[in-house]
Protein chains: 2
Amino acid sequence: MSERLILTLAILGGTGKVGPGLAYRWAKAGYHVIIGSRTPEKAEHTAAVVNDRLNREVVRGMSNEKAADVCDIAILTVPYEAHASILESLKDHLDGKVLVDTTVPLVPPDVGIVQMPSAGSAAQEAQEILGEQVDVVAAFQNVAFKHLHEDHPVPCDVLVCGDSEEAREQALHLVSAAKLVGWDAGPLQNAVVVEGLTSVLLGINQRYKMDGAGIQITGEPAKKRANR
Amino acid sequence: MSERLILTLAILGGTGKVGPGLAYRWAKAGYHVIIGSRTPEKAEHTAAVVNDRLNREVVRGMSNEKAADVCDIAILTVPYEAHASILESLKDHLDGKVLVDTTVPLVPPDVGIVQMPSAGSAAQEAQEILGEQVDVVAAFQNVAFKHLHEDHPVPCDVLVCGDSEEAREQALHLVSAAKLVGWDAGPLQNAVVVEGLTSVLLGINQRYKMDGAGIQITGEPAKKRANR
């Protein structure tokens, strides 16, 4: 974990649907937030939109490479089609860092059917590409992006998987900072469940005519938790 | 779907932790319920225990084979170690029926790590063994058995997967009859998520010192639902 007082978060591929919502929430919580994109101008534009909403000039936009270089923790928010190629291109920039991978390996046209890549899950694929110099954590896959753009409490918990317990802890801090409820869901191998759950939820949205179905973990923990 | 007015349910391997709880709930809902076991005397004993709780003599006990023969819908509640062998032995008795498979492929000692069989999930393995003459549906894997033995509302939803939409509908009726909230979770291929979720929940129980963690689907369906 970095010794810096305020951590810098880079949201790589952050100009899509999920990135701006997370950027808003983390900037509001006091983190230094950078939006990364292959096209720096797009990143700057998205940062400006988030800053408008925050009414402060705190979020910056730059290339994915630069964002990865200067960050303490990176968060990847790209569609699965771009997943492997962006990871290959950023590999050297992420050395020694934690990467929080939000990717869901959806296979169109029927995104409601669970279909995992041969690595077992997108997050395991990321770990294979990046090697053991990077601690990959899977998180945020199940939260419908529309909830991230709203200020009310989000009716969807975040399951966090990763092989490094310290990295899972760091990701759980980011979950709390984003005003979401997080759960330590074990090793990276368990990401198949969390990623696949998104397909199950998308299928439920279709079948029950819902918008943004989510999940919550039920039961009373003896160990105290934030945000609930 | 059988034309009989009151359906007969056979809970195969029903003398364990999950069987009696489901038997109690379905008998209370008016179904004819049979407990099946390799040892008929054990099945009769478990049936007697459930009848005591119901204060009526309605649940019967018999061999798994006989129970499978006379039932309209079979429900399998065995530990994963017994899964393949019991299915092989009952294959001819289940022809043309729906089998609701509650099995979770836990791999001790660390049951909190998701580890699926080569078929993809226990339910897909069941479908492979039984062939296309049987409609396998995966359900009830995530509900901690202690909740089934209590009369209060169960704080865990049931995700139902299967390749036959009609069989999924029948299983969803059984979920409602057991006073649980069920969701159509799509094709049998999605069972990897539902079965694996049990390992995630068991890991959460351990890490957060909980007993019987469950899941609930959040969001407002436009389509009306029972039990919530």
# chains A, B, ... in the order shown; residues from 1 in each chain; ligands from 1
$ residues_around --residues "Val98 of chain A" --least-positions-apart "6" --cutoff "8 Å" --atoms "only C-alpha atoms" --output "list in words"
Asp72, Ile73, Ala74, Val134, Asp135, Val136, Val137 and Ala167 of chain A
$ interface_residues --of "chain A" --to "chain B" --cutoff "7 Å" --atoms "only C-alpha atoms" --output "JSON, numbers by chain"
{"A": [113, 114, 155, 156, 184, 185, 186, 189, 190, 193, 196, 197, 200, 203, 204, 208, 209, 210, 212, 213, 214, 215, 216, 217, 218, 219, 220, 221, 222, 223]}
$ select_by_dssp --residues "segment 26-148 of chain A" --states "helix (DSSP H, G or I)" --output "ChimeraX atom specification"
/A:26-28,40-54,64-70,80-93,122-130,145-148
$ select_by_dssp --residues "segment 30-202 of chain A" --states "strand (DSSP E)" --output "mmCIF file with all heavy atoms, in the first residue's frame"
data_model
loop_
_atom_site.group_PDB
_atom_site.id
_atom_site.type_symbol
_atom_site.label_atom_id
_atom_site.label_comp_id
_atom_site.auth_asym_id
_atom_site.auth_seq_id
_atom_site.Cartn_x
_atom_site.Cartn_y
_atom_site.Cartn_z
ATOM 1 N N HIS A 32 -7.667 11.385 -5.318
ATOM 2 C CA HIS A 32 -7.250 11.965 -6.590
ATOM 3 C C HIS A 32 -7.670 10.999 -7.680
ATOM 4 O O HIS A 32 -7.288 9.827 -7.643
ATOM 5 C CB HIS A 32 -5.729 12.150 -6.632
ATOM 6 C CG HIS A 32 -5.233 13.182 -5.682
ATOM 7 N ND1 HIS A 32 -3.963 13.165 -5.142
ATOM 8 C CD2 HIS A 32 -5.839 14.296 -5.163
ATOM 9 C CE1 HIS A 32 -3.821 14.203 -4.339
ATOM 10 N NE2 HIS A 32 -4.937 14.904 -4.336
ATOM 11 N N VAL A 33 -8.451 11.471 -8.630
ATOM 12 C CA VAL A 33 -8.991 10.568 -9.646
ATOM 13 C C VAL A 33 -8.554 11.006 -11.038
ATOM 14 O O VAL A 33 -8.645 12.189 -11.381
ATOM 15 C CB VAL A 33 -10.534 10.511 -9.584
ATOM 16 C CG1 VAL A 33 -11.075 9.593 -10.672
ATOM 17 C CG2 VAL A 33 -10.988 10.025 -8.204
ATOM 18 N N ILE A 34 -8.079 10.022 -11.812
ATOM 19 C CA ILE A 34 -7.715 10.274 -13.209
ATOM 20 C C ILE A 34 -8.552 9.376 -14.109
ATOM 21 O O ILE A 34 -8.706 8.190 -13.841
ATOM 22 C CB ILE A 34 -6.225 9.940 -13.456
ATOM 23 C CG1 ILE A 34 -5.335 10.790 -12.544
ATOM 24 C CG2 ILE A 34 -5.864 10.141 -14.922
ATOM 25 C CD1 ILE A 34 -3.899 10.308 -12.525
ATOM 26 N N ILE A 35 -9.090 9.979 -15.160
ATOM 27 C CA ILE A 35 -9.749 9.196 -16.201
ATOM 28 C C ILE A 35 -8.703 8.904 -17.271
ATOM 29 O O ILE A 35 -8.040 9.827 -17.754
ATOM 30 C CB ILE A 35 -10.908 9.994 -16.851
ATOM 31 C CG1 ILE A 35 -11.965 10.394 -15.814
ATOM 32 C CG2 ILE A 35 -11.507 9.229 -18.031
ATOM 33 C CD1 ILE A 35 -13.040 9.391 -15.558
ATOM 34 N N GLY A 36 -8.544 7.624 -17.620
ATOM 35 C CA GLY A 36 -7.628 7.263 -18.692
ATOM 36 C C GLY A 36 -8.392 6.831 -19.933
ATOM 37 O O GLY A 36 -9.492 6.303 -19.838
ATOM 38 N N SER A 37 -7.802 7.109 -21.112
ATOM 39 C CA SER A 37 -8.414 6.673 -22.368
ATOM 40 C C SER A 37 -7.313 6.514 -23.405
ATOM 41 O O SER A 37 -6.227 7.102 -23.277
ATOM 42 C CB SER A 37 -9.441 7.702 -22.843
ATOM 43 O OG SER A 37 -9.856 7.410 -24.167
ATOM 44 N N ARG A 60 -8.861 14.554 -13.443
ATOM 45 C CA ARG A 60 -8.054 14.858 -14.628
ATOM 46 C C ARG A 60 -8.227 13.780 -15.686
ATOM 47 O O ARG A 60 -8.587 12.644 -15.373
ATOM 48 C CB ARG A 60 -6.570 14.948 -14.244
ATOM 49 C CG ARG A 60 -6.232 16.150 -13.386
ATOM 50 C CD ARG A 60 -4.792 16.099 -12.914
ATOM 51 N NE ARG A 60 -4.580 15.021 -11.959
ATOM 52 C CZ ARG A 60 -3.377 14.486 -11.687
ATOM 53 N NH1 ARG A 60 -2.299 14.901 -12.339
ATOM 54 N NH2 ARG A 60 -3.250 13.531 -10.785
ATOM 55 N N GLY A 61 -7.969 14.138 -16.933
ATOM 56 C CA GLY A 61 -8.015 13.149 -18.009
ATOM 57 C C GLY A 61 -6.667 13.051 -18.701
ATOM 58 O O GLY A 61 -5.982 14.059 -18.873
ATOM 59 N N MET A 62 -6.254 11.849 -19.072
ATOM 60 C CA MET A 62 -4.985 11.667 -19.802
ATOM 61 C C MET A 62 -4.977 10.294 -20.482
ATOM 62 O O MET A 62 -5.959 9.550 -20.414
ATOM 63 C CB MET A 62 -3.789 11.823 -18.842
ATOM 64 C CG MET A 62 -3.786 10.889 -17.659
ATOM 65 S SD MET A 62 -2.430 11.229 -16.464
ATOM 66 C CE MET A 62 -3.060 12.649 -15.572
ATOM 67 N N SER A 63 -3.884 9.964 -21.141
ATOM 68 C CA SER A 63 -3.789 8.662 -21.806
ATOM 69 C C SER A 63 -3.786 7.553 -20.757
ATOM 70 O O SER A 63 -3.393 7.767 -19.608
ATOM 71 C CB SER A 63 -2.507 8.577 -22.630
ATOM 72 O OG SER A 63 -1.389 8.454 -21.768
ATOM 73 N N ILE A 73 -3.500 2.972 -7.493
ATOM 74 C CA ILE A 73 -4.367 1.826 -7.789
ATOM 75 C C ILE A 73 -5.051 2.098 -9.122
ATOM 76 O O ILE A 73 -5.539 3.201 -9.362
ATOM 77 C CB ILE A 73 -5.448 1.628 -6.696
ATOM 78 C CG1 ILE A 73 -4.780 1.407 -5.315
ATOM 79 C CG2 ILE A 73 -6.362 0.454 -7.029
ATOM 80 C CD1 ILE A 73 -5.780 1.280 -4.170
ATOM 81 N N ALA A 74 -5.086 1.087 -9.996
ATOM 82 C CA ALA A 74 -5.756 1.233 -11.289
ATOM 83 C C ALA A 74 -7.065 0.458 -11.289
ATOM 84 O O ALA A 74 -7.168 -0.602 -10.669
ATOM 85 C CB ALA A 74 -4.853 0.722 -12.404
ATOM 86 N N ILE A 75 -8.054 1.018 -11.974
ATOM 87 C CA ILE A 75 -9.351 0.359 -12.112
ATOM 88 C C ILE A 75 -9.643 0.266 -13.604
ATOM 89 O O ILE A 75 -9.565 1.271 -14.317
ATOM 90 C CB ILE A 75 -10.470 1.170 -11.403
ATOM 91 C CG1 ILE A 75 -10.157 1.297 -9.907
ATOM 92 C CG2 ILE A 75 -11.820 0.508 -11.607
ATOM 93 C CD1 ILE A 75 -9.399 2.539 -9.513
ATOM 94 N N LEU A 76 -9.952 -0.937 -14.066
ATOM 95 C CA LEU A 76 -10.168 -1.142 -15.501
ATOM 96 C C LEU A 76 -11.656 -1.240 -15.803
ATOM 97 O O LEU A 76 -12.354 -2.103 -15.269
ATOM 98 C CB LEU A 76 -9.448 -2.419 -15.944
ATOM 99 C CG LEU A 76 -9.487 -2.748 -17.441
ATOM 100 C CD1 LEU A 76 -8.816 -1.646 -18.255
ATOM 101 C CD2 LEU A 76 -8.799 -4.092 -17.707
ATOM 102 N N VAL A 98 -1.913 -2.578 -7.839
ATOM 103 C CA VAL A 98 -3.165 -3.319 -7.765
ATOM 104 C C VAL A 98 -4.030 -2.894 -8.941
ATOM 105 O O VAL A 98 -4.171 -1.697 -9.200
ATOM 106 C CB VAL A 98 -3.917 -3.032 -6.440
ATOM 107 C CG1 VAL A 98 -5.326 -3.610 -6.472
ATOM 108 C CG2 VAL A 98 -3.136 -3.579 -5.251
ATOM 109 N N LEU A 99 -4.570 -3.877 -9.665
ATOM 110 C CA LEU A 99 -5.534 -3.560 -10.721
ATOM 111 C C LEU A 99 -6.900 -4.117 -10.319
ATOM 112 O O LEU A 99 -7.057 -5.330 -10.127
ATOM 113 C CB LEU A 99 -5.124 -4.185 -12.060
ATOM 114 C CG LEU A 99 -6.179 -3.957 -13.162
ATOM 115 C CD1 LEU A 99 -6.076 -2.546 -13.725
ATOM 116 C CD2 LEU A 99 -6.079 -4.979 -14.282
ATOM 117 N N VAL A 100 -7.869 -3.230 -10.213
ATOM 118 C CA VAL A 100 -9.243 -3.656 -9.941
ATOM 119 C C VAL A 100 -9.949 -3.817 -11.286
ATOM 120 O O VAL A 100 -10.165 -2.832 -11.999
ATOM 121 C CB VAL A 100 -9.979 -2.627 -9.063
ATOM 122 C CG1 VAL A 100 -11.409 -3.081 -8.812
ATOM 123 C CG2 VAL A 100 -9.241 -2.421 -7.745
ATOM 124 N N ASP A 101 -10.277 -5.054 -11.617
ATOM 125 C CA ASP A 101 -10.868 -5.345 -12.929
ATOM 126 C C ASP A 101 -12.386 -5.466 -12.786
ATOM 127 O O ASP A 101 -12.887 -6.301 -12.049
ATOM 128 C CB ASP A 101 -10.277 -6.660 -13.465
ATOM 129 C CG ASP A 101 -10.551 -6.867 -14.951
ATOM 130 O OD1 ASP A 101 -11.368 -6.119 -15.520
ATOM 131 O OD2 ASP A 101 -9.949 -7.782 -15.532
ATOM 132 N N ASP A 135 -1.276 -7.279 -8.718
ATOM 133 C CA ASP A 135 -2.322 -7.950 -7.948
ATOM 134 C C ASP A 135 -3.680 -7.608 -8.542
ATOM 135 O O ASP A 135 -4.194 -6.510 -8.352
ATOM 136 C CB ASP A 135 -2.281 -7.509 -6.473
ATOM 137 C CG ASP A 135 -1.127 -8.136 -5.720
ATOM 138 O OD1 ASP A 135 -0.801 -9.307 -6.008
ATOM 139 O OD2 ASP A 135 -0.550 -7.461 -4.852
ATOM 140 N N VAL A 136 -4.269 -8.572 -9.253
ATOM 141 C CA VAL A 136 -5.573 -8.329 -9.867
ATOM 142 C C VAL A 136 -6.680 -8.646 -8.865
ATOM 143 O O VAL A 136 -6.637 -9.669 -8.181
ATOM 144 C CB VAL A 136 -5.754 -9.189 -11.139
ATOM 145 C CG1 VAL A 136 -7.170 -9.033 -11.698
ATOM 146 C CG2 VAL A 136 -4.715 -8.801 -12.185
ATOM 147 N N VAL A 137 -7.629 -7.731 -8.789
ATOM 148 C CA VAL A 137 -8.814 -7.920 -7.954
ATOM 149 C C VAL A 137 -10.035 -7.740 -8.848
ATOM 150 O O VAL A 137 -10.079 -6.811 -9.655
ATOM 151 C CB VAL A 137 -8.854 -6.873 -6.811
ATOM 152 C CG1 VAL A 137 -10.130 -7.001 -6.002
ATOM 153 C CG2 VAL A 137 -7.633 -7.012 -5.908
ATOM 154 N N ALA A 138 -11.003 -8.633 -8.732
ATOM 155 C CA ALA A 138 -12.252 -8.514 -9.498
ATOM 156 C C ALA A 138 -13.305 -7.858 -8.620
ATOM 157 O O ALA A 138 -13.504 -8.275 -7.473
ATOM 158 C CB ALA A 138 -12.722 -9.901 -9.934
ATOM 159 N N VAL A 158 -21.176 -5.341 -3.637
ATOM 160 C CA VAL A 158 -20.014 -5.602 -4.488
ATOM 161 C C VAL A 158 -19.223 -6.772 -3.902
ATOM 162 O O VAL A 158 -18.797 -6.730 -2.746
ATOM 163 C CB VAL A 158 -19.118 -4.345 -4.578
ATOM 164 C CG1 VAL A 158 -17.854 -4.649 -5.369
ATOM 165 C CG2 VAL A 158 -19.885 -3.190 -5.216
ATOM 166 N N LEU A 159 -19.066 -7.822 -4.694
ATOM 167 C CA LEU A 159 -18.267 -8.981 -4.280
ATOM 168 C C LEU A 159 -16.851 -8.792 -4.810
ATOM 169 O O LEU A 159 -16.658 -8.502 -5.990
ATOM 170 C CB LEU A 159 -18.898 -10.269 -4.831
ATOM 171 C CG LEU A 159 -20.311 -10.563 -4.317
ATOM 172 C CD1 LEU A 159 -20.932 -11.733 -5.091
ATOM 173 C CD2 LEU A 159 -20.301 -10.864 -2.825
ATOM 174 N N VAL A 160 -15.871 -8.942 -3.932
ATOM 175 C CA VAL A 160 -14.476 -8.649 -4.268
ATOM 176 C C VAL A 160 -13.650 -9.939 -4.195
ATOM 177 O O VAL A 160 -13.568 -10.574 -3.146
ATOM 178 C CB VAL A 160 -13.919 -7.603 -3.270
ATOM 179 C CG1 VAL A 160 -12.424 -7.416 -3.475
ATOM 180 C CG2 VAL A 160 -14.657 -6.273 -3.425
ATOM 181 N N CYS A 161 -13.044 -10.317 -5.330
ATOM 182 C CA CYS A 161 -12.212 -11.529 -5.380
ATOM 183 C C CYS A 161 -10.779 -11.161 -5.756
ATOM 184 O O CYS A 161 -10.554 -10.297 -6.597
ATOM 185 C CB CYS A 161 -12.698 -12.499 -6.455
ATOM 186 S SG CYS A 161 -14.400 -12.994 -6.303
ATOM 187 N N GLY A 162 -9.824 -11.869 -5.187
ATOM 188 C CA GLY A 162 -8.430 -11.652 -5.556
ATOM 189 C C GLY A 162 -7.540 -12.566 -4.730
ATOM 190 O O GLY A 162 -7.913 -12.963 -3.621
ATOM 191 N N GLY A 182 -19.433 -3.719 0.298
ATOM 192 C CA GLY A 182 -18.559 -4.724 -0.296
ATOM 193 C C GLY A 182 -18.392 -5.942 0.584
ATOM 194 O O GLY A 182 -18.563 -5.876 1.804
ATOM 195 N N TRP A 183 -18.070 -7.054 -0.044
ATOM 196 C CA TRP A 183 -17.846 -8.315 0.672
ATOM 197 C C TRP A 183 -16.594 -8.964 0.105
ATOM 198 O O TRP A 183 -16.435 -9.060 -1.113
ATOM 199 C CB TRP A 183 -19.021 -9.266 0.482
ATOM 200 C CG TRP A 183 -20.313 -8.766 1.011
ATOM 201 C CD1 TRP A 183 -21.228 -7.993 0.363
ATOM 202 C CD2 TRP A 183 -20.856 -9.009 2.325
ATOM 203 N NE1 TRP A 183 -22.307 -7.735 1.179
ATOM 204 C CE2 TRP A 183 -22.098 -8.352 2.395
ATOM 205 C CE3 TRP A 183 -20.391 -9.711 3.442
ATOM 206 C CZ2 TRP A 183 -22.903 -8.387 3.540
ATOM 207 C CZ3 TRP A 183 -21.206 -9.757 4.580
ATOM 208 C CH2 TRP A 183 -22.445 -9.090 4.619
ATOM 209 N N ASP A 184 -15.744 -9.451 0.993
ATOM 210 C CA ASP A 184 -14.580 -10.232 0.592
ATOM 211 C C ASP A 184 -15.080 -11.604 0.121
ATOM 212 O O ASP A 184 -15.583 -12.396 0.907
ATOM 213 C CB ASP A 184 -13.637 -10.366 1.791
ATOM 214 C CG ASP A 184 -12.370 -11.133 1.463
ATOM 215 O OD1 ASP A 184 -12.362 -11.876 0.458
ATOM 216 O OD2 ASP A 184 -11.390 -11.001 2.220
#
$ decode --residues "segment 49-170 of chain B" --atoms "C-alpha atoms" --output "CSV table (one decimal), in the first residue's frame"
chain,number,residue,atom,x,y,z
B,49,VAL,CA,-40.0,-36.8,12.1
B,50,VAL,CA,-41.4,-34.4,9.5
B,51,ASN,CA,-45.0,-35.8,10.2
B,52,ASP,CA,-44.5,-35.1,13.9
B,53,ARG,CA,-43.6,-31.5,13.1
B,54,LEU,CA,-46.6,-31.3,10.8
B,55,ASN,CA,-48.9,-33.0,13.3
B,56,ARG,CA,-50.3,-35.1,10.4
B,57,GLU,CA,-49.4,-38.4,8.7
B,58,VAL,CA,-48.8,-37.2,5.2
B,59,VAL,CA,-45.1,-37.6,4.3
B,60,ARG,CA,-44.0,-41.2,3.4
B,61,GLY,CA,-40.6,-42.8,3.3
B,62,MET,CA,-39.4,-45.4,0.8
B,63,SER,CA,-36.4,-46.4,-1.3
B,64,ASN,CA,-35.1,-43.9,-3.8
B,65,GLU,CA,-36.1,-46.2,-6.7
B,66,LYS,CA,-39.7,-46.5,-5.6
B,67,ALA,CA,-39.9,-42.8,-4.8
B,68,ALA,CA,-38.6,-41.9,-8.2
B,69,ASP,CA,-41.0,-44.3,-9.9
B,70,VAL,CA,-44.2,-42.9,-8.3
B,71,CYS,CA,-43.4,-39.2,-8.3
B,72,ASP,CA,-44.3,-36.4,-10.7
B,73,ILE,CA,-41.3,-34.3,-9.9
B,74,ALA,CA,-38.1,-35.5,-8.2
B,75,ILE,CA,-35.8,-33.4,-6.1
B,76,LEU,CA,-32.2,-34.5,-5.4
B,77,THR,CA,-30.7,-33.5,-2.1
B,78,VAL,CA,-27.4,-35.5,-1.7
B,79,PRO,CA,-23.8,-34.4,-1.0
B,80,TYR,CA,-21.8,-34.1,-4.1
B,81,GLU,CA,-19.8,-37.3,-3.3
B,82,ALA,CA,-23.0,-39.3,-3.9
B,83,HIS,CA,-24.2,-37.3,-6.8
B,84,ALA,CA,-23.0,-39.3,-9.9
B,85,SER,CA,-23.6,-42.7,-8.4
B,86,ILE,CA,-27.2,-42.0,-7.2
B,87,LEU,CA,-28.0,-40.6,-10.6
B,88,GLU,CA,-26.6,-43.6,-12.4
B,89,SER,CA,-28.7,-45.9,-10.3
B,90,LEU,CA,-31.9,-43.9,-10.7
B,91,LYS,CA,-31.6,-43.1,-14.4
B,92,ASP,CA,-34.3,-45.5,-15.6
B,93,HIS,CA,-36.6,-44.4,-12.9
B,94,LEU,CA,-36.6,-40.8,-13.8
B,95,ASP,CA,-37.4,-41.1,-17.5
B,96,GLY,CA,-39.7,-38.4,-18.7
B,97,LYS,CA,-39.7,-36.5,-15.4
B,98,VAL,CA,-38.3,-33.2,-14.1
B,99,LEU,CA,-35.3,-33.5,-11.7
B,100,VAL,CA,-34.7,-30.5,-9.5
B,101,ASP,CA,-31.0,-30.8,-8.5
B,102,THR,CA,-30.0,-29.0,-5.4
B,103,THR,CA,-26.4,-30.3,-5.4
B,104,VAL,CA,-23.4,-28.1,-4.8
B,105,PRO,CA,-20.0,-29.5,-5.9
B,106,LEU,CA,-18.1,-28.5,-2.8
B,107,VAL,CA,-14.5,-29.7,-2.7
B,108,PRO,CA,-13.3,-30.1,0.9
B,109,PRO,CA,-11.4,-28.9,2.8
B,110,ASP,CA,-11.7,-25.4,1.4
B,111,VAL,CA,-15.4,-25.3,0.5
B,112,GLY,CA,-15.1,-21.5,0.0
B,113,ILE,CA,-13.2,-21.9,-3.3
B,114,VAL,CA,-15.3,-22.4,-6.4
B,115,GLN,CA,-14.3,-25.6,-8.1
B,116,MET,CA,-16.6,-27.0,-10.8
B,117,PRO,CA,-16.6,-30.5,-12.3
B,118,SER,CA,-15.6,-30.9,-15.9
B,119,ALA,CA,-19.3,-30.8,-17.1
B,120,GLY,CA,-19.4,-27.2,-15.9
B,121,SER,CA,-21.6,-27.7,-12.9
B,122,ALA,CA,-23.2,-30.5,-10.9
B,123,ALA,CA,-26.5,-29.9,-12.6
B,124,GLN,CA,-24.9,-30.1,-16.1
B,125,GLU,CA,-23.2,-33.4,-15.0
B,126,ALA,CA,-26.7,-34.7,-13.9
B,127,GLN,CA,-28.1,-33.8,-17.3
B,128,GLU,CA,-25.2,-35.6,-19.0
B,129,ILE,CA,-25.8,-38.7,-16.9
B,130,LEU,CA,-29.6,-38.7,-17.2
B,131,GLY,CA,-29.8,-37.8,-20.9
B,132,GLU,CA,-32.4,-35.8,-22.7
B,133,GLN,CA,-35.3,-37.9,-21.4
B,134,VAL,CA,-35.0,-36.0,-18.1
B,135,ASP,CA,-35.4,-32.2,-17.7
B,136,VAL,CA,-32.8,-31.2,-15.1
B,137,VAL,CA,-33.3,-27.9,-13.2
B,138,ALA,CA,-30.8,-26.5,-10.8
B,139,ALA,CA,-32.3,-24.8,-7.7
B,140,PHE,CA,-32.2,-24.3,-3.9
B,141,GLN,CA,-28.3,-24.4,-3.7
B,142,ASN,CA,-27.9,-21.1,-1.8
B,143,VAL,CA,-30.4,-21.5,1.0
B,144,ALA,CA,-28.8,-22.5,4.3
B,145,PHE,CA,-30.6,-25.6,5.5
B,146,LYS,CA,-31.2,-24.0,8.9
B,147,HIS,CA,-33.5,-21.5,7.3
B,148,LEU,CA,-35.7,-24.3,5.8
B,149,HIS,CA,-36.3,-25.6,9.3
B,150,GLU,CA,-37.6,-22.3,10.6
B,151,ASP,CA,-41.1,-20.9,10.0
B,152,HIS,CA,-40.1,-17.3,9.5
B,153,PRO,CA,-39.5,-15.8,6.0
B,154,VAL,CA,-36.3,-17.1,4.5
B,155,PRO,CA,-33.8,-14.3,3.7
B,156,CYS,CA,-32.4,-16.0,0.6
B,157,ASP,CA,-33.8,-16.1,-2.9
B,158,VAL,CA,-33.7,-19.1,-5.1
B,159,LEU,CA,-32.2,-18.9,-8.6
B,160,VAL,CA,-33.6,-21.5,-11.0
B,161,CYS,CA,-31.7,-22.7,-14.1
B,162,GLY,CA,-32.7,-25.3,-16.7
B,163,ASP,CA,-32.8,-25.7,-20.4
B,164,SER,CA,-36.6,-26.4,-20.5
B,165,GLU,CA,-38.7,-23.3,-19.8
B,166,GLU,CA,-41.6,-25.5,-18.7
B,167,ALA,CA,-39.4,-27.3,-16.2
B,168,ARG,CA,-38.1,-24.0,-14.9
B,169,GLU,CA,-41.7,-22.9,-14.4
B,170,GLN,CA,-42.6,-26.0,-12.5
